[in-house]
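Trainee: Just one file: final.cif, with mmCIF, C-alpha atoms.
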data_structure
#
loop_
_atom_site.label_atom_id
_atom_site.label_comp_id
_atom_site.auth_asym_id
_atom_site.auth_seq_id
_atom_site.Cartn_x
_atom_site.Cartn_y
_atom_site.Cartn_z
CA MET B 28 26.39 -3.41 16.26
CA SER B 29 26.55 -4.45 12.60
CA GLY B 30 23.84 -7.04 13.27
CA LEU B 31 21.63 -4.36 14.82
CA ILE B 32 22.12 -2.04 11.85
CA SER B 33 21.32 -4.89 9.47
CA ILE B 34 18.08 -5.60 11.34
CA LEU B 35 17.22 -1.90 11.20
CA ALA B 36 17.86 -1.87 7.44
CA ASP B 37 15.47 -4.82 7.05
CA GLY B 38 12.91 -2.92 9.11
CA ILE B 39 13.20 0.16 6.93
CA ALA B 40 12.82 -1.93 3.77
CA TYR B 41 9.74 -3.55 5.33
CA GLY B 42 8.43 -0.08 6.15
CA MET B 43 8.85 0.98 2.53
CA LEU B 44 6.65 -1.93 1.47
CA LEU B 45 4.05 -0.94 4.06
CA PHE B 46 4.13 2.59 2.67
CA LEU B 47 3.52 1.40 -0.89
CA PHE B 48 0.73 -0.89 0.36
CA SER B 49 -0.95 1.82 2.39
CA ILE B 50 -0.68 4.96 0.29
CA GLY B 51 -3.56 3.98 -2.00
CA LEU B 52 -5.80 3.30 1.01
CA SER B 53 -4.73 6.60 2.55
CA VAL B 54 -5.73 8.41 -0.64
CA THR B 55 -9.13 6.71 -1.00
CA LEU B 56 -9.93 7.09 2.69
CA GLY B 57 -8.55 10.57 3.28
CA LEU B 58 -9.41 12.21 -0.03
CA MET B 59 -12.38 10.22 -1.33
CA ARG B 60 -13.90 9.21 2.05
CA PHE B 61 -14.19 5.57 0.99
CA ILE B 62 -13.22 2.81 3.42
CA ASN B 63 -11.61 0.31 1.07
CA LEU B 64 -10.70 -2.79 3.07
CA ALA B 65 -10.25 -4.64 -0.23
CA HIS B 66 -7.08 -2.66 -0.81
CA GLY B 67 -4.93 -5.73 -0.09
CA ALA B 68 -6.64 -7.52 -2.97
CA PHE B 69 -5.16 -4.99 -5.40
CA ALA B 70 -1.72 -5.60 -3.89
CA MET B 71 -2.25 -9.34 -4.36
CA CYS B 72 -3.26 -8.74 -7.97
CA GLY B 73 -0.03 -6.87 -8.66
CA GLY B 74 1.94 -9.67 -7.06
CA TYR B 75 0.37 -12.34 -9.26
CA VAL B 76 0.87 -10.22 -12.39
CA ALA B 77 4.57 -9.90 -11.58
CA VAL B 78 4.96 -13.61 -10.79
CA VAL B 79 3.24 -14.71 -14.01
CA LEU B 80 5.28 -12.33 -16.16
CA LEU B 81 8.60 -13.11 -14.48
CA ASN B 82 8.32 -16.86 -13.98
CA GLY B 83 6.00 -17.76 -16.84
CA PHE B 84 7.15 -15.48 -19.64
CA GLY B 85 10.66 -14.52 -18.62
CA VAL B 86 9.93 -10.78 -18.52
CA PRO B 87 12.76 -8.89 -16.77
CA PHE B 88 12.01 -8.04 -13.15
CA LEU B 89 12.12 -4.27 -13.65
CA LEU B 90 9.57 -4.50 -16.47
CA THR B 91 7.15 -6.52 -14.34
CA LEU B 92 6.80 -3.60 -11.91
CA PRO B 93 5.16 -1.07 -14.28
CA ALA B 94 3.13 -3.90 -15.79
CA ALA B 95 1.80 -4.86 -12.35
CA ALA B 96 0.98 -1.22 -11.60
CA VAL B 97 -0.78 -0.61 -14.92
CA VAL B 98 -2.82 -3.84 -14.91
CA THR B 99 -3.90 -3.35 -11.30
CA GLY B 100 -4.69 0.31 -11.89
CA LEU B 101 -6.87 -0.53 -14.88
CA ILE B 102 -8.72 -3.17 -12.86
CA GLY B 103 -9.22 -0.57 -10.13
CA VAL B 104 -10.68 1.93 -12.62
CA VAL B 105 -13.05 -0.68 -14.09
CA LEU B 106 -14.26 -1.74 -10.64
CA GLU B 107 -14.64 1.87 -9.54
CA ARG B 108 -16.69 2.80 -12.59
CA SER B 109 -18.86 -0.32 -12.55
CA VAL B 110 -19.42 -1.10 -8.88
CA ILE B 111 -17.52 0.90 -6.28
CA ARG B 112 -18.85 4.34 -7.23
CA HIS B 113 -22.30 3.19 -6.11
CA VAL B 114 -20.89 2.52 -2.63
CA TYR B 115 -19.52 6.04 -2.01
CA PRO B 116 -22.78 7.50 -0.63
CA MET B 117 -23.44 4.49 1.62
CA PRO B 118 -22.77 4.56 5.38
CA GLU B 119 -19.36 3.40 6.63
CA LEU B 120 -20.63 -0.03 7.74
CA GLN B 121 -21.89 -0.85 4.25
CA GLN B 122 -18.58 0.29 2.76
CA VAL B 123 -16.67 -1.98 5.15
CA LEU B 124 -18.88 -5.00 4.46
CA PHE B 125 -18.77 -4.47 0.70
CA SER B 126 -14.99 -4.08 0.55
CA ILE B 127 -14.35 -7.09 2.81
CA GLY B 128 -16.62 -9.17 0.61
CA LEU B 129 -14.70 -7.98 -2.44
CA ALA B 130 -11.41 -9.02 -0.79
CA PHE B 131 -12.76 -12.50 -0.01
CA ALA B 132 -13.97 -12.84 -3.60
CA ALA B 133 -10.54 -11.82 -4.92
CA GLY B 134 -8.87 -14.37 -2.65
CA ALA B 135 -11.21 -17.10 -3.89
CA VAL B 136 -10.46 -16.24 -7.53
CA ALA B 137 -6.71 -16.32 -6.83
CA ASN B 138 -7.08 -19.71 -5.15
CA ILE B 139 -8.92 -21.11 -8.18
CA LEU B 140 -6.43 -19.73 -10.70
CA PHE B 141 -3.13 -20.27 -8.88
CA GLY B 142 -3.84 -22.66 -6.00
CA PRO B 143 -3.27 -22.16 -2.27
CA GLN B 144 0.51 -22.53 -2.33
CA GLN B 145 3.12 -19.81 -1.98
CA GLN B 146 4.30 -18.39 -5.29
CA PRO B 147 8.06 -18.48 -5.95
CA MET B 148 9.75 -15.53 -7.60
CA LEU B 149 12.98 -15.89 -9.56
CA LEU B 150 14.75 -12.64 -8.73
CA PRO B 151 17.75 -11.47 -10.77
CA ASP B 152 21.23 -11.94 -9.36
CA TRP B 153 21.77 -8.23 -8.71
CA LEU B 154 18.86 -8.26 -6.25
CA THR B 155 19.89 -11.40 -4.38
CA ALA B 156 23.56 -10.38 -4.08
CA ARG B 157 24.76 -8.78 -0.86
CA VAL B 158 26.17 -5.28 -0.95
CA SER B 159 28.19 -3.40 1.65
CA LEU B 160 26.70 -0.10 2.80
CA LEU B 161 28.66 1.82 5.44
CA GLY B 162 30.37 -1.40 6.39
CA VAL B 163 27.10 -3.32 6.82
CA GLY B 164 26.14 -6.13 4.43
CA ILE B 165 22.55 -6.04 3.15
CA THR B 166 20.91 -7.63 0.14
CA GLY B 167 20.47 -5.60 -3.01
CA TYR B 168 16.73 -6.26 -2.75
CA ARG B 169 16.45 -4.38 0.56
CA LEU B 170 18.46 -1.48 -0.80
CA PHE B 171 16.33 -1.39 -3.95
CA LEU B 172 13.13 -1.28 -1.86
CA VAL B 173 14.40 1.66 0.17
CA LEU B 174 15.45 3.67 -2.88
CA PHE B 175 12.26 2.82 -4.75
CA GLY B 176 10.10 3.87 -1.80
CA LEU B 177 11.89 7.22 -1.50
CA VAL B 178 11.34 7.96 -5.18
CA ALA B 179 7.67 6.93 -5.00
CA ALA B 180 7.06 9.13 -1.96
CA GLY B 181 8.64 12.12 -3.67
CA LEU B 182 6.61 11.65 -6.84
CA LEU B 183 3.34 11.31 -4.92
CA VAL B 184 3.99 14.42 -2.85
CA ALA B 185 4.72 16.36 -6.03
CA LEU B 186 1.63 14.98 -7.78
CA PHE B 187 -0.88 15.85 -5.06
CA ASN B 188 0.65 19.12 -3.88
CA PHE B 189 2.18 20.79 -6.93
CA THR B 190 0.08 19.76 -9.94
CA LEU B 191 -3.29 20.71 -11.38
CA PHE B 192 -4.46 17.11 -10.86
CA GLY B 193 -3.79 17.32 -7.12
CA ALA B 194 -5.52 20.70 -6.87
CA ARG B 195 -8.57 19.32 -8.65
CA VAL B 196 -8.74 16.30 -6.34
CA ARG B 197 -8.59 18.50 -3.24
CA ALA B 198 -11.20 20.84 -4.67
CA ALA B 199 -13.55 17.96 -5.52
CA VAL B 200 -13.23 16.54 -2.02
CA ASP B 201 -13.76 19.88 -0.27
CA ASP B 202 -16.82 20.90 -2.31
CA ARG B 203 -17.96 18.58 -5.07
CA ARG B 204 -20.77 20.84 -6.28
CA ALA B 205 -18.48 23.86 -6.61
CA ALA B 206 -15.85 21.74 -8.39
CA GLU B 207 -18.41 20.52 -10.90
CA GLY B 208 -19.61 24.08 -11.32
CA ILE B 209 -16.18 25.20 -12.57
CA GLY B 210 -15.99 22.35 -15.07
CA ILE B 211 -14.19 19.57 -13.16
CA ASN B 212 -15.42 16.09 -14.10
CA VAL B 213 -15.50 14.73 -10.57
CA ASP B 214 -16.60 11.20 -11.53
CA ARG B 215 -13.67 10.80 -13.92
CA LEU B 216 -11.30 12.39 -11.42
CA PHE B 217 -12.34 9.97 -8.67
CA ALA B 218 -11.95 7.03 -11.05
CA LEU B 219 -8.41 8.14 -11.91
CA THR B 220 -7.57 8.70 -8.24
CA PHE B 221 -8.91 5.28 -7.25
CA GLY B 222 -7.00 3.70 -10.13
CA LEU B 223 -3.82 5.45 -8.99
CA GLY B 224 -4.25 4.09 -5.48
CA ALA B 225 -4.86 0.59 -6.87
CA ALA B 226 -1.79 0.92 -9.11
CA PHE B 227 0.46 1.74 -6.15
CA ALA B 228 -1.02 -1.18 -4.23
CA GLY B 229 -0.24 -3.46 -7.18
CA LEU B 230 3.26 -2.06 -7.36
CA GLY B 231 3.77 -2.74 -3.67
CA GLY B 232 2.42 -6.26 -4.10
CA ALA B 233 4.82 -6.95 -6.96
CA LEU B 234 7.75 -5.71 -4.89
CA ALA B 235 6.64 -7.69 -1.85
CA VAL B 236 6.61 -11.17 -3.36
CA GLY B 237 10.34 -11.72 -2.85
CA PHE B 238 10.17 -10.26 0.67
CA LEU B 239 6.85 -11.41 2.14
CA GLY B 240 5.66 -14.21 -0.14
CA LEU B 241 2.35 -14.46 -2.00
CA ASP B 242 -0.73 -16.67 -1.65
CA PRO B 243 -4.52 -16.17 -1.79
CA THR B 244 -4.64 -15.08 1.88
CA PHE B 245 -2.45 -12.07 1.08
CA PRO B 246 -5.31 -9.48 1.15
CA PHE B 247 -5.81 -10.10 4.88
CA LYS B 248 -2.31 -10.92 6.12
CA TYR B 249 -1.15 -7.31 6.22
CA LEU B 250 -4.49 -5.49 6.39
CA VAL B 251 -4.10 -4.59 10.06
CA LEU B 252 -0.61 -3.17 9.48
CA VAL B 253 -1.82 -1.14 6.50
CA LEU B 254 -4.68 0.27 8.55
CA MET B 255 -2.19 1.12 11.30
CA VAL B 256 -0.05 3.07 8.85
CA VAL B 257 -3.06 5.06 7.63
CA ALA B 258 -4.37 5.70 11.16
CA ILE B 259 -1.02 6.78 12.59
CA GLY B 260 0.07 8.77 9.55
CA GLY B 261 -3.30 10.43 9.04
CA PRO B 262 -5.74 9.60 6.22
CA GLY B 263 -4.88 11.49 3.04
CA SER B 264 -1.37 12.42 4.18
CA ILE B 265 1.45 11.05 2.06
CA GLY B 266 4.17 12.38 4.35
CA GLY B 267 2.38 11.10 7.45
CA SER B 268 1.91 7.63 5.92
CA PHE B 269 5.58 7.55 4.92
CA ALA B 270 6.75 8.45 8.44
CA ALA B 271 4.34 5.99 10.04
CA ALA B 272 5.31 3.12 7.74
CA ILE B 273 9.05 3.58 8.31
CA ALA B 274 8.54 3.88 12.06
CA ILE B 275 6.36 0.77 12.25
CA GLY B 276 8.76 -1.28 10.11
CA ALA B 277 11.85 -0.19 12.05
CA ILE B 278 10.29 -0.53 15.53
CA ASP B 279 8.79 -3.92 14.70
CA ALA B 280 12.12 -5.27 13.44
CA LEU B 281 14.17 -3.86 16.33
CA PHE B 282 11.92 -5.10 19.12
CA LYS B 283 11.53 -8.55 17.56
CA TYR B 284 15.33 -8.70 17.51
CA LEU B 285 16.04 -7.15 20.93
CA VAL B 286 13.05 -8.39 22.96
CA PRO B 287 11.53 -11.31 21.01
CA GLU B 288 9.21 -12.23 23.90
CA VAL B 289 7.14 -9.06 23.45
CA GLY B 290 8.34 -7.88 20.05
CA ASN B 291 5.17 -8.98 18.27
CA TYR B 292 3.01 -6.70 20.41
CA VAL B 293 5.02 -3.48 20.60
CA ILE B 294 3.61 -1.91 17.44
CA TYR B 295 0.06 -2.52 18.67
CA ALA B 296 0.88 -0.74 21.91
CA LEU B 297 2.30 2.07 19.79
CA LEU B 298 -0.99 2.25 17.88
CA VAL B 299 -2.98 2.55 21.10
CA LEU B 300 -0.77 5.38 22.37
CA MET B 301 -0.88 7.21 19.05
CA MET B 302 -4.67 7.02 18.89
CA ILE B 303 -4.90 8.41 22.44
CA PHE B 304 -2.54 11.35 21.95
CA PHE B 305 -2.89 11.89 18.17
CA PRO B 306 -6.42 10.71 17.26
CA ARG B 307 -6.18 12.30 13.81
CA GLY B 308 -2.74 10.89 13.11
CA LEU B 309 0.59 12.59 12.66
CA ALA B 310 -0.77 14.85 9.94
CA GLY B 311 -3.60 16.06 12.13
CA ARG B 312 -6.25 15.71 9.42
CA ALA B 313 -9.76 14.51 9.87
CA ALA B 314 -10.61 11.34 8.02
#
How does the structure come out when it is put into structure tokens?

Mentor:
Amino acid sequence: MSGLISILADGIAYGMLLFLFSIGLSVTLGLMRFINLAHGAFAMCGGYVAVVLLNGFGVPFLLTLPAAAVVTGLIGVVLERSVIRHVYPMPELQQVLFSIGLAFAAGAVANILFGPQQQPMLLPDWLTARVSLLGVGITGYRLFLVLFGLVAAGLLVALFNFTLFGARVRAAVDDRRAAEGIGINVDRLFALTFGLGAAFAGLGGALAVGFLGLDPTFPFKYLVLVLMVVAIGGPGSIGGSFAAAIAIGAIDALFKYLVPEVGNYVIYALLVLMMIFFPRGLAGRAA
């Protein structure tokens, strides 16, 4: 039983990472109607920022996280203002092709700068130590991921549902012309929203290095899982993405442990069923 609970804890920690990866894509897809398949490239960027700061300059682990988020967010804003904003009015196919090309370009740049090898991350002792929680031993890193994900989910829900910023974003998405008519700078608002999504992707990437590893293929390794989280949770829904990510992480871990012969395929069967019975996701929103 303790082994099963430990596996479930790993699955929940994995789900928290999927949530942090996916929430930016959920925002850009659900609120801004932009299909950003280069989202994994921003996560990779955050991972490399954290690795360079931690391993190369000895910056404490906790300080690398906001640095990764800020640097990735700024890169996201620059790209949005210079290139991506011209893609918004294009049909979905052009958005997909553009964003995939951007992801391949980011992977090539990472390969040139850092090489194809996996990047090590020297985590502090308090993260690698095992702690006992309800009689079950788990690493401090897993526990930290779970707590961090809960805090991030709460802050995002508050930001988009209970602040003027969130109200302006929803208004701009529902009726851009009316929003501009009442004085909302929609272009700047979309840039900030895109940068926020990129920042959370970078934060997730920084947190994931010690759990999932990091190399130039990172933008595509977990793209399918991120898209699954957004599809099942519902584009634009923070709560739906959170529930979907935790469910996918936990179910994936449990079935790989209990039924390893078919464990790799269970979450894909879950996706098929969800898309049949809940085509708009758990939140019931249109994309």

Trainee: Within 10 Å of segment 167-174 of chain B, which residues of segment 200-248 of chain B come that close, and what is the closest atom pair and distance in Å for each? Count all atoms listed in the file and give it as JSON lines.

Mentor:
{"residue": "B:Gly231", "atom": "CA", "partner": "B:Leu172", "partner_atom": "CA", "distance": 9.6}
{"residue": "B:Leu234", "atom": "CA", "partner": "B:Leu172", "partner_atom": "CA", "distance": 7.6}
{"residue": "B:Ala235", "atom": "CA", "partner": "B:Leu172", "partner_atom": "CA", "distance": 9.1}
{"residue": "B:Gly237", "atom": "CA", "partner": "B:Tyr168", "partner_atom": "CA", "distance": 8.4}
{"residue": "B:Phe238", "atom": "CA", "partner": "B:Tyr168", "partner_atom": "CA", "distance": 8.4}

Trainee: Report, in Å to a single decimal, how far apart atom CA of Ala271 of chain B and atom CA of Val253 of chain B are.

Mentor: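 Rounded to one decimal, the two atoms are 10.1 Å apart.
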
Trainee: I would like the residues chosen by the PyMOL selection byres ((chain B and resi 280-290) around 8) on the shown file; could you give them as number ranges by chain?

Mentor: B: 31, 34-35, 37-38, 276-279, 291-293

Trainee: Show which residues sit within 6 Å of Gly100 of chain B, as number ranges by chain. Count all atoms listed in the file, and ignore same-chain residues fewer than 4 positions away.

Mentor: B: 96, 222-223, 225-226

Trainee: If we count all atoms listed in the file and set the cut-off at 12 Å, which residues sit around Val105 of chain B, ignoring sequence neighbours fewer than 3 positions away in its own chain? Please answer as a PyMOL selection string.

Mentor: chain B and resi 98-102+108-112+215+217-219+221-222+225

Trainee: Using Å and a single decimal, report how far atom CA of Asp201 of chain B sits from atom CA of Val114 of chain B.

Mentor: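 That distance, rounded to one decimal, is 18.9 Å.
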
Trainee: Please provide as a VMD selection string all residues within 8 Å of Leu56 of chain B, with the sequence filter that same-chain residues fewer than 6 positions apart are discarded (counting only C-alpha atoms).

Mentor: chain B and resid 62 to 63 262 to 263 314

Trainee: As an exercise, work out the distance from atom CA of Val76 of chain B to atom CA of Tyr249 of chain B in Å and give it to one decimal place.

Mentor: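 Interatomic distance here is 18.9 Å.
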
Trainee: Using the chain letters and residue numbers of this document, give as a PyMOL selection string the residues selected by the PyMOL selection byres ((chain B and resi 82-93) around 8).

Mentor: chain B and resi 76-81+94-97+148-151+230+233-234

Trainee: Do you know which residues are at most 12 Å from Arg195 of chain B counting only C-alpha atoms, after dropping those on the same chain fewer than 5 positions away, and could you put them as a VMD selection string?

Mentor: chain B and resid 58 186 to 190 200 to 203 205 to 207 209 to 217 219 to 220

Trainee: Nearest to Ile165 of chain B among B:Ser49, B:Ser126, B:Ser33, B:Asn138, with distances taken over all atoms listed in the file: which residue is it?

Mentor: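 For Ile165 of chain B, the nearest of the given residues is B:Ser33.
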
Trainee: Would you please work out which residue, of B:Gly308, B:Gly229, B:Gly73, B:Gly134, is nearest to Ser53 of chain B when using all atoms listed in the file?

Mentor: B:Gly308

Trainee: Is there a way to get, as a PyMOL selection string, all residues within 9 Å of the point (-4.4, -10.1, -4.3) in file coordinates, counting all atoms listed in the file?

Mentor: chain B and resi 65-75+130+133-134+137+229+232+241-246

Trainee: Box for segment 150-160 of chain B - axis-aligned, 8 Å on each of the six sides, all listed atoms - centre and size in Å to one decimal, as JSON.

Mentor:
{"center_x": 21.5, "center_y": -6.4, "center_z": -4.0, "size_x": 29.4, "size_y": 28.5, "size_z": 29.6}

Trainee: If you count only C-alpha atoms, which residues fall within 6 Å of segment 44-47 of chain B, apart from same-chain ones fewer than 2 positions away, as a list in words?

Mentor: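 Here the answer would be Tyr41, Gly42, Ser49, Ile50, Gly231, Phe269 and Ala272 of chain B.
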
Trainee: Hey, which of B:Ala258, B:Ser159, B:Gly208, B:Leu177 ends up closest to Ile273 of chain B? Count all atoms listed in the file.

Mentor: B:Leu177

Trainee: From the list B:Leu64, B:Leu298, B:Val184, B:Leu154, which residue is nearest Glu119 of chain B when using all atoms listed in the file?

Mentor: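 Distance minimum relative to Glu119 of chain B lands on B:Leu64.
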
Trainee: When distances are computed from all atoms listed in the file, which of B:Thr155, B:Thr166, B:Thr55, B:Gln145 shows the smallest separation from Ala40 of chain B?

Mentor: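 Looking only at the distances to Ala40 of chain B, the closest residue turns out to be B:Thr166.
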
Trainee: Please export segment 260-304 of chain B as an mmCIF file, in the first residue's frame, restricted to C-alpha atoms.

Mentor:
data_model
loop_
_atom_site.group_PDB
_atom_site.id
_atom_site.type_symbol
_atom_site.label_atom_id
_atom_site.label_comp_id
_atom_site.auth_asym_id
_atom_site.auth_seq_id
_atom_site.Cartn_x
_atom_site.Cartn_y
_atom_site.Cartn_z
ATOM 1 C CA GLY B 260 -9.653 20.691 -19.113
ATOM 2 C CA GLY B 261 -11.161 23.095 -21.625
ATOM 3 C CA PRO B 262 -9.255 25.925 -23.346
ATOM 4 C CA GLY B 263 -9.123 29.032 -21.186
ATOM 5 C CA SER B 264 -10.138 27.226 -17.991
ATOM 6 C CA ILE B 265 -7.575 27.292 -15.203
ATOM 7 C CA GLY B 266 -9.601 25.015 -12.937
ATOM 8 C CA GLY B 267 -10.301 22.587 -15.771
ATOM 9 C CA SER B 268 -6.623 22.445 -16.760
ATOM 10 C CA PHE B 269 -5.646 21.865 -13.130
ATOM 11 C CA ALA B 270 -8.102 18.969 -12.733
ATOM 12 C CA ALA B 271 -7.102 17.455 -16.072
ATOM 13 C CA ALA B 272 -3.365 17.683 -15.364
ATOM 14 C CA ILE B 273 -3.661 16.042 -11.937
ATOM 15 C CA ALA B 274 -5.909 13.307 -13.326
ATOM 16 C CA ILE B 275 -3.592 12.572 -16.254
ATOM 17 C CA GLY B 276 -0.494 12.497 -14.034
ATOM 18 C CA ALA B 277 -2.092 10.261 -11.402
ATOM 19 C CA ILE B 278 -3.770 7.865 -13.860
ATOM 20 C CA ASP B 279 -0.624 7.574 -15.968
ATOM 21 C CA ALA B 280 1.526 6.752 -12.931
ATOM 22 C CA LEU B 281 -0.952 4.277 -11.425
ATOM 23 C CA PHE B 282 -1.576 2.292 -14.590
ATOM 24 C CA LYS B 283 2.121 2.145 -15.486
ATOM 25 C CA TYR B 284 2.675 0.715 -12.007
ATOM 26 C CA LEU B 285 -0.337 -1.633 -11.838
ATOM 27 C CA VAL B 286 -0.649 -2.729 -15.486
ATOM 28 C CA PRO B 287 2.679 -1.894 -17.177
ATOM 29 C CA GLU B 288 1.727 -3.797 -20.347
ATOM 30 C CA VAL B 289 -0.955 -1.242 -21.258
ATOM 31 C CA GLY B 290 -0.071 1.603 -18.911
ATOM 32 C CA ASN B 291 1.449 3.735 -21.663
ATOM 33 C CA TYR B 292 -1.830 3.822 -23.596
ATOM 34 C CA VAL B 293 -4.444 4.371 -20.895
ATOM 35 C CA ILE B 294 -4.293 8.169 -20.915
ATOM 36 C CA TYR B 295 -4.790 8.209 -24.695
ATOM 37 C CA ALA B 296 -7.889 6.065 -24.315
ATOM 38 C CA LEU B 297 -9.022 8.528 -21.648
ATOM 39 C CA LEU B 298 -8.542 11.382 -24.120
ATOM 40 C CA VAL B 299 -10.677 9.636 -26.740
ATOM 41 C CA LEU B 300 -13.498 9.056 -24.253
ATOM 42 C CA MET B 301 -13.342 12.618 -22.962
ATOM 43 C CA MET B 302 -13.508 14.064 -26.465
ATOM 44 C CA ILE B 303 -16.549 11.887 -27.244
ATOM 45 C CA PHE B 304 -18.538 12.734 -24.120
#
